[in-house]
Amino acid sequence: MAMALMLLASACSRGDAPAHVAAQGDNTASAPARARPARASAQPTILFVGTSLTAGYGLADPDDAYPEVIARRIDSLGLNYRVVNAGVSGETSAGALRRMSWLMRGPVNVFVLETGANDGLRGLSVDSMRANIQAIFDSVRAAHPDAKLVLLGMKAPPNMGPSYTRAFDAAFPALARRNDATFVPFLLAGVAGVDSLNQGDGIHPNVRGAELVADNVWRVLRGVLQTRTALDPHRTHG
């Protein structure tokens, strides 16, 4: 597991992303087309913001990325939600923050955030990462006060040392509590370090791995959607 986390962070920073993923994450202009702000829709919108893990790096079909797996589950249950995947490979929490004003132009009823792996790889300040994530949530609250927040937890690469790892790992549950966000403790639980669930690089989930990642998210996201407290589908938000 420790080696898998270290390799994961390394891979998330690479610039050799496939055509359906933006090349290097801290560039708003290069965001993939499917991450563009959604136009107003009668359907409430779930916006996924994240790194290569969300973008579906290395998958032959971008529809195999875990947000799209979740979208199909939503459709199969007849739930009235639209999924927008705003994943960008190589992005740090600072890069995600820089995209927020652009992303907030569209409707957002449920906001799902996956970030931090590239911060950990680069040994960036945990305090800065924490501040960036808080600022991301603040921007969502400012633009869409009724939106529900979901935070996907990540683990630090172990080569950064125990002090850094403890601070990094603790930042995510603390931010979830502070912002009343639904929390997934570790996005890659049950997938990281399992060869049969990852691509040839041993890092990014393959199709089956992405389905299990979707399971990790769906266990908590389904409750957010089905409580119907997230939004009234007949009411316009944002």
# chains A, B, ... in the order shown; residues from 1 in each chain; ligands from 1

$ residues_around --residues "stretch 82-88 of chain A" --least-positions-apart "3" --cutoff "6 Å" --atoms "only C-alpha atoms" --output "list in words"
Ala22, Gly25, Ala35, Gln43, Thr45, Ile46, Leu47, Phe48, Val49, Gly50, Thr51, Ser52, Thr54, Ala55 and Ala71 of chain A

$ write_last_selection --atoms "N, CA and C atoms" --output "PDB file, in the first residue's frame"
ATOM      1  N   ALA A  22      -6.746  16.994 -19.939  1.00  0.00           N
ATOM      2  CA  ALA A  22      -5.874  18.144 -20.121  1.00  0.00           C
ATOM      3  C   ALA A  22      -4.430  17.759 -19.835  1.00  0.00           C
ATOM      4  N   GLY A  25      -2.157  20.100 -15.258  1.00  0.00           N
ATOM      5  CA  GLY A  25      -3.340  20.523 -14.563  1.00  0.00           C
ATOM      6  C   GLY A  25      -3.472  21.961 -14.157  1.00  0.00           C
ATOM      7  N   ALA A  35     -15.384  19.348 -18.922  1.00  0.00           N
ATOM      8  CA  ALA A  35     -15.300  20.046 -17.655  1.00  0.00           C
ATOM      9  C   ALA A  35     -15.778  21.485 -17.766  1.00  0.00           C
ATOM     10  N   GLN A  43     -32.314  19.669 -14.743  1.00  0.00           N
ATOM     11  CA  GLN A  43     -31.747  18.665 -13.851  1.00  0.00           C
ATOM     12  C   GLN A  43     -30.742  19.303 -12.905  1.00  0.00           C
ATOM     13  N   THR A  45     -27.332  19.499 -10.800  1.00  0.00           N
ATOM     14  CA  THR A  45     -26.003  19.113 -11.280  1.00  0.00           C
ATOM     15  C   THR A  45     -25.091  18.672 -10.146  1.00  0.00           C
ATOM     16  N   ILE A  46     -24.408  17.541 -10.376  1.00  0.00           N
ATOM     17  CA  ILE A  46     -23.334  17.081  -9.503  1.00  0.00           C
ATOM     18  C   ILE A  46     -22.031  17.379 -10.225  1.00  0.00           C
ATOM     19  N   LEU A  47     -21.187  18.210  -9.646  1.00  0.00           N
ATOM     20  CA  LEU A  47     -19.914  18.591 -10.250  1.00  0.00           C
ATOM     21  C   LEU A  47     -18.774  17.880  -9.535  1.00  0.00           C
ATOM     22  N   PHE A  48     -18.012  17.080 -10.286  1.00  0.00           N
ATOM     23  CA  PHE A  48     -16.819  16.422  -9.770  1.00  0.00           C
ATOM     24  C   PHE A  48     -15.604  17.239 -10.190  1.00  0.00           C
ATOM     25  N   VAL A  49     -14.808  17.688  -9.229  1.00  0.00           N
ATOM     26  CA  VAL A  49     -13.557  18.389  -9.507  1.00  0.00           C
ATOM     27  C   VAL A  49     -12.425  17.543  -8.950  1.00  0.00           C
ATOM     28  N   GLY A  50     -11.409  17.250  -9.791  1.00  0.00           N
ATOM     29  CA  GLY A  50     -10.340  16.398  -9.308  1.00  0.00           C
ATOM     30  C   GLY A  50      -9.170  16.303 -10.253  1.00  0.00           C
ATOM     31  N   THR A  51      -8.311  15.323 -10.003  1.00  0.00           N
ATOM     32  CA  THR A  51      -7.071  15.113 -10.730  1.00  0.00           C
ATOM     33  C   THR A  51      -7.259  14.018 -11.780  1.00  0.00           C
ATOM     34  N   SER A  52      -6.160  13.366 -12.152  1.00  0.00           N
ATOM     35  CA  SER A  52      -6.221  12.276 -13.123  1.00  0.00           C
ATOM     36  C   SER A  52      -7.140  11.150 -12.672  1.00  0.00           C
ATOM     37  N   THR A  54      -9.982  11.414 -11.230  1.00  0.00           N
ATOM     38  CA  THR A  54     -11.345  11.794 -11.608  1.00  0.00           C
ATOM     39  C   THR A  54     -11.489  11.875 -13.123  1.00  0.00           C
ATOM     40  N   ALA A  55     -10.440  12.364 -13.793  1.00  0.00           N
ATOM     41  CA  ALA A  55     -10.488  12.518 -15.250  1.00  0.00           C
ATOM     42  C   ALA A  55     -10.541  11.175 -15.968  1.00  0.00           C
ATOM     43  N   ALA A  71     -22.659   8.192 -12.695  1.00  0.00           N
ATOM     44  CA  ALA A  71     -23.751   8.760 -13.487  1.00  0.00           C
ATOM     45  C   ALA A  71     -24.691   7.670 -13.981  1.00  0.00           C
TER      46      ALA A  71
END

$ residues_around --residues "A:Pro145" --least-positions-apart "2" --cutoff "12 Å" --atoms "only C-alpha atoms" --output "PyMOL selection string"
chain A and resi 104+107-111+137-143+147-149+230-231+237-238

$ write_last_selection --atoms "all heavy atoms" --output "CSV table (one decimal), in the first residue's frame"
chain,number,residue,atom,x,y,z
A,104,MET,N,-17.7,27.8,-11.4
A,104,MET,CA,-18.8,28.2,-10.6
A,104,MET,C,-19.8,29.0,-11.5
A,104,MET,O,-20.9,29.4,-11.1
A,104,MET,CB,-18.5,29.1,-9.4
A,104,MET,CG,-17.8,28.3,-8.3
A,104,MET,SD,-18.8,26.9,-7.6
A,104,MET,CE,-18.1,25.5,-8.5
A,107,PRO,N,-24.4,25.7,-13.1
A,107,PRO,CA,-25.1,25.2,-11.9
A,107,PRO,C,-24.4,24.2,-11.1
A,107,PRO,O,-23.7,23.3,-11.7
A,107,PRO,CB,-26.4,24.6,-12.5
A,107,PRO,CG,-26.0,24.2,-13.9
A,107,PRO,CD,-25.0,25.2,-14.3
A,108,VAL,N,-24.5,24.2,-9.8
A,108,VAL,CA,-23.8,23.2,-8.9
A,108,VAL,C,-24.8,23.0,-7.7
A,108,VAL,O,-25.1,23.9,-7.0
A,108,VAL,CB,-22.5,23.7,-8.4
A,108,VAL,CG1,-21.9,22.6,-7.5
A,108,VAL,CG2,-21.5,24.0,-9.5
A,109,ASN,N,-25.3,21.7,-7.6
A,109,ASN,CA,-26.1,21.4,-6.5
A,109,ASN,C,-25.4,20.4,-5.5
A,109,ASN,O,-25.7,20.5,-4.4
A,109,ASN,CB,-27.4,20.7,-7.0
A,109,ASN,CG,-28.2,21.7,-8.0
A,109,ASN,OD1,-28.0,21.5,-9.2
A,109,ASN,ND2,-28.9,22.6,-7.5
A,110,VAL,N,-24.6,19.6,-6.1
A,110,VAL,CA,-23.7,18.7,-5.3
A,110,VAL,C,-22.3,18.9,-5.8
A,110,VAL,O,-22.1,18.7,-7.0
A,110,VAL,CB,-24.1,17.3,-5.3
A,110,VAL,CG1,-23.2,16.4,-4.4
A,110,VAL,CG2,-25.6,17.1,-4.8
A,111,PHE,N,-21.3,19.2,-4.9
A,111,PHE,CA,-20.0,19.5,-5.3
A,111,PHE,C,-19.1,18.4,-4.7
A,111,PHE,O,-19.0,18.3,-3.5
A,111,PHE,CB,-19.5,20.8,-4.9
A,111,PHE,CG,-18.1,21.2,-5.2
A,111,PHE,CD1,-17.8,21.7,-6.5
A,111,PHE,CD2,-17.1,21.1,-4.3
A,111,PHE,CE1,-16.5,22.0,-6.8
A,111,PHE,CE2,-15.8,21.4,-4.6
A,111,PHE,CZ,-15.5,21.9,-5.8
A,137,PHE,N,-14.0,25.4,-1.1
A,137,PHE,CA,-15.4,25.2,-0.5
A,137,PHE,C,-16.0,26.6,-0.3
A,137,PHE,O,-17.2,26.7,-0.5
A,137,PHE,CB,-15.3,24.5,0.8
A,137,PHE,CG,-15.1,23.0,0.7
A,137,PHE,CD1,-14.5,22.3,1.7
A,137,PHE,CD2,-15.5,22.3,-0.5
A,137,PHE,CE1,-14.3,20.9,1.6
A,137,PHE,CE2,-15.3,21.0,-0.6
A,137,PHE,CZ,-14.8,20.2,0.4
A,138,ASP,N,-15.2,27.6,0.1
A,138,ASP,CA,-15.8,28.9,0.3
A,138,ASP,C,-16.4,29.5,-1.0
A,138,ASP,O,-17.4,30.1,-1.0
A,138,ASP,CB,-14.7,29.9,0.8
A,138,ASP,CG,-14.3,29.6,2.3
A,138,ASP,OD1,-15.1,28.9,3.0
A,138,ASP,OD2,-13.3,30.1,2.7
A,139,SER,N,-15.7,29.2,-2.1
A,139,SER,CA,-16.1,29.7,-3.4
A,139,SER,C,-17.4,29.0,-3.8
A,139,SER,O,-18.3,29.6,-4.4
A,139,SER,CB,-15.0,29.5,-4.5
A,139,SER,OG,-14.8,28.2,-4.8
A,140,VAL,N,-17.5,27.7,-3.5
A,140,VAL,CA,-18.8,27.0,-3.8
A,140,VAL,C,-19.9,27.6,-3.0
A,140,VAL,O,-21.0,27.9,-3.5
A,140,VAL,CB,-18.7,25.5,-3.5
A,140,VAL,CG1,-20.0,24.8,-3.8
A,140,VAL,CG2,-17.6,24.9,-4.4
A,141,ARG,N,-19.7,27.8,-1.7
A,141,ARG,CA,-20.7,28.4,-0.8
A,141,ARG,C,-21.1,29.8,-1.3
A,141,ARG,O,-22.3,30.1,-1.3
A,141,ARG,CB,-20.2,28.5,0.6
A,141,ARG,CG,-20.0,27.2,1.3
A,141,ARG,CD,-21.3,26.5,1.6
A,141,ARG,NE,-21.2,25.3,2.4
A,141,ARG,CZ,-22.0,24.3,2.3
A,141,ARG,NH1,-22.9,24.2,1.4
A,141,ARG,NH2,-21.8,23.3,3.2
A,142,ALA,N,-20.2,30.6,-1.8
A,142,ALA,CA,-20.5,31.9,-2.2
A,142,ALA,C,-21.3,31.9,-3.5
A,142,ALA,O,-22.3,32.7,-3.6
A,142,ALA,CB,-19.2,32.7,-2.5
A,143,ALA,N,-21.0,31.0,-4.4
A,143,ALA,CA,-21.7,31.0,-5.7
A,143,ALA,C,-23.0,30.2,-5.6
A,143,ALA,O,-24.0,30.5,-6.3
A,143,ALA,CB,-20.8,30.4,-6.8
A,147,ALA,N,-25.6,24.3,-2.2
A,147,ALA,CA,-24.9,23.1,-2.7
A,147,ALA,C,-24.5,22.2,-1.5
A,147,ALA,O,-24.0,22.8,-0.5
A,147,ALA,CB,-23.8,23.5,-3.6
A,148,LYS,N,-24.6,20.9,-1.7
A,148,LYS,CA,-24.0,20.0,-0.8
A,148,LYS,C,-22.6,19.7,-1.1
A,148,LYS,O,-22.2,19.6,-2.3
A,148,LYS,CB,-24.8,18.7,-0.8
A,148,LYS,CG,-26.2,18.8,-0.1
A,148,LYS,CD,-26.0,19.1,1.4
A,148,LYS,CE,-27.4,19.1,2.0
A,148,LYS,NZ,-27.3,19.3,3.5
A,149,LEU,N,-21.7,19.5,-0.2
A,149,LEU,CA,-20.3,19.3,-0.4
A,149,LEU,C,-19.9,17.9,0.0
A,149,LEU,O,-20.4,17.3,1.0
A,149,LEU,CB,-19.4,20.3,0.5
A,149,LEU,CG,-19.7,21.8,0.4
A,149,LEU,CD1,-18.9,22.5,1.4
A,149,LEU,CD2,-19.5,22.2,-1.0
A,230,ALA,N,-30.4,17.7,-0.3
A,230,ALA,CA,-29.4,18.4,-1.1
A,230,ALA,C,-30.1,19.5,-2.0
A,230,ALA,O,-29.5,20.6,-2.2
A,230,ALA,CB,-28.7,17.5,-2.0
A,231,LEU,N,-31.3,19.3,-2.4
A,231,LEU,CA,-31.9,20.3,-3.3
A,231,LEU,C,-33.3,19.8,-3.6
A,231,LEU,O,-33.7,18.7,-3.3
A,231,LEU,CB,-31.2,20.4,-4.6
A,231,LEU,CG,-30.9,19.0,-5.3
A,231,LEU,CD1,-32.0,18.7,-6.3
A,231,LEU,CD2,-29.5,19.1,-6.0
A,237,HIS,N,-31.4,26.7,-8.7
A,237,HIS,CA,-30.4,27.1,-7.8
A,237,HIS,C,-29.3,27.9,-8.6
A,237,HIS,O,-29.1,27.7,-9.7
A,237,HIS,CB,-29.7,25.9,-7.2
A,237,HIS,CG,-30.6,25.2,-6.2
A,237,HIS,ND1,-30.4,25.2,-4.9
A,237,HIS,CD2,-31.7,24.5,-6.5
A,237,HIS,CE1,-31.4,24.5,-4.3
A,237,HIS,NE2,-32.2,24.0,-5.2
A,238,GLY,N,-28.5,28.7,-7.8
A,238,GLY,CA,-27.3,29.3,-8.3
A,238,GLY,C,-27.7,30.4,-9.2
A,238,GLY,O,-26.9,30.8,-10.0

$ select_by_dssp --residues "stretch 51-214 of chain A" --states "alpha helix (DSSP H)" --output "number ranges by chain"
A: 52-55, 66-76, 93-103, 117-122, 126-143, 162-178, 207-214

$ residues_around --residues "stretch 211-216 of chain A" --least-positions-apart "2" --cutoff "8 Å" --atoms "only C-alpha atoms" --output "JSON, numbers by chain"
{"A": [64, 66, 67, 69, 70, 184, 187, 188, 189, 190, 191, 207, 208, 209, 218, 219, 220]}

$ residues_around --residues "A:Thr92" --least-positions-apart "2" --cutoff "6 Å" --atoms "only C-alpha atoms" --output "ChimeraX atom specification"
/A:94-95,118-119

$ residues_around --residues "A:Arg177" --least-positions-apart "6" --cutoff "12 Å" --atoms "only C-alpha atoms" --output "ChimeraX atom specification"
/A:134,149-151,170-171,183-184
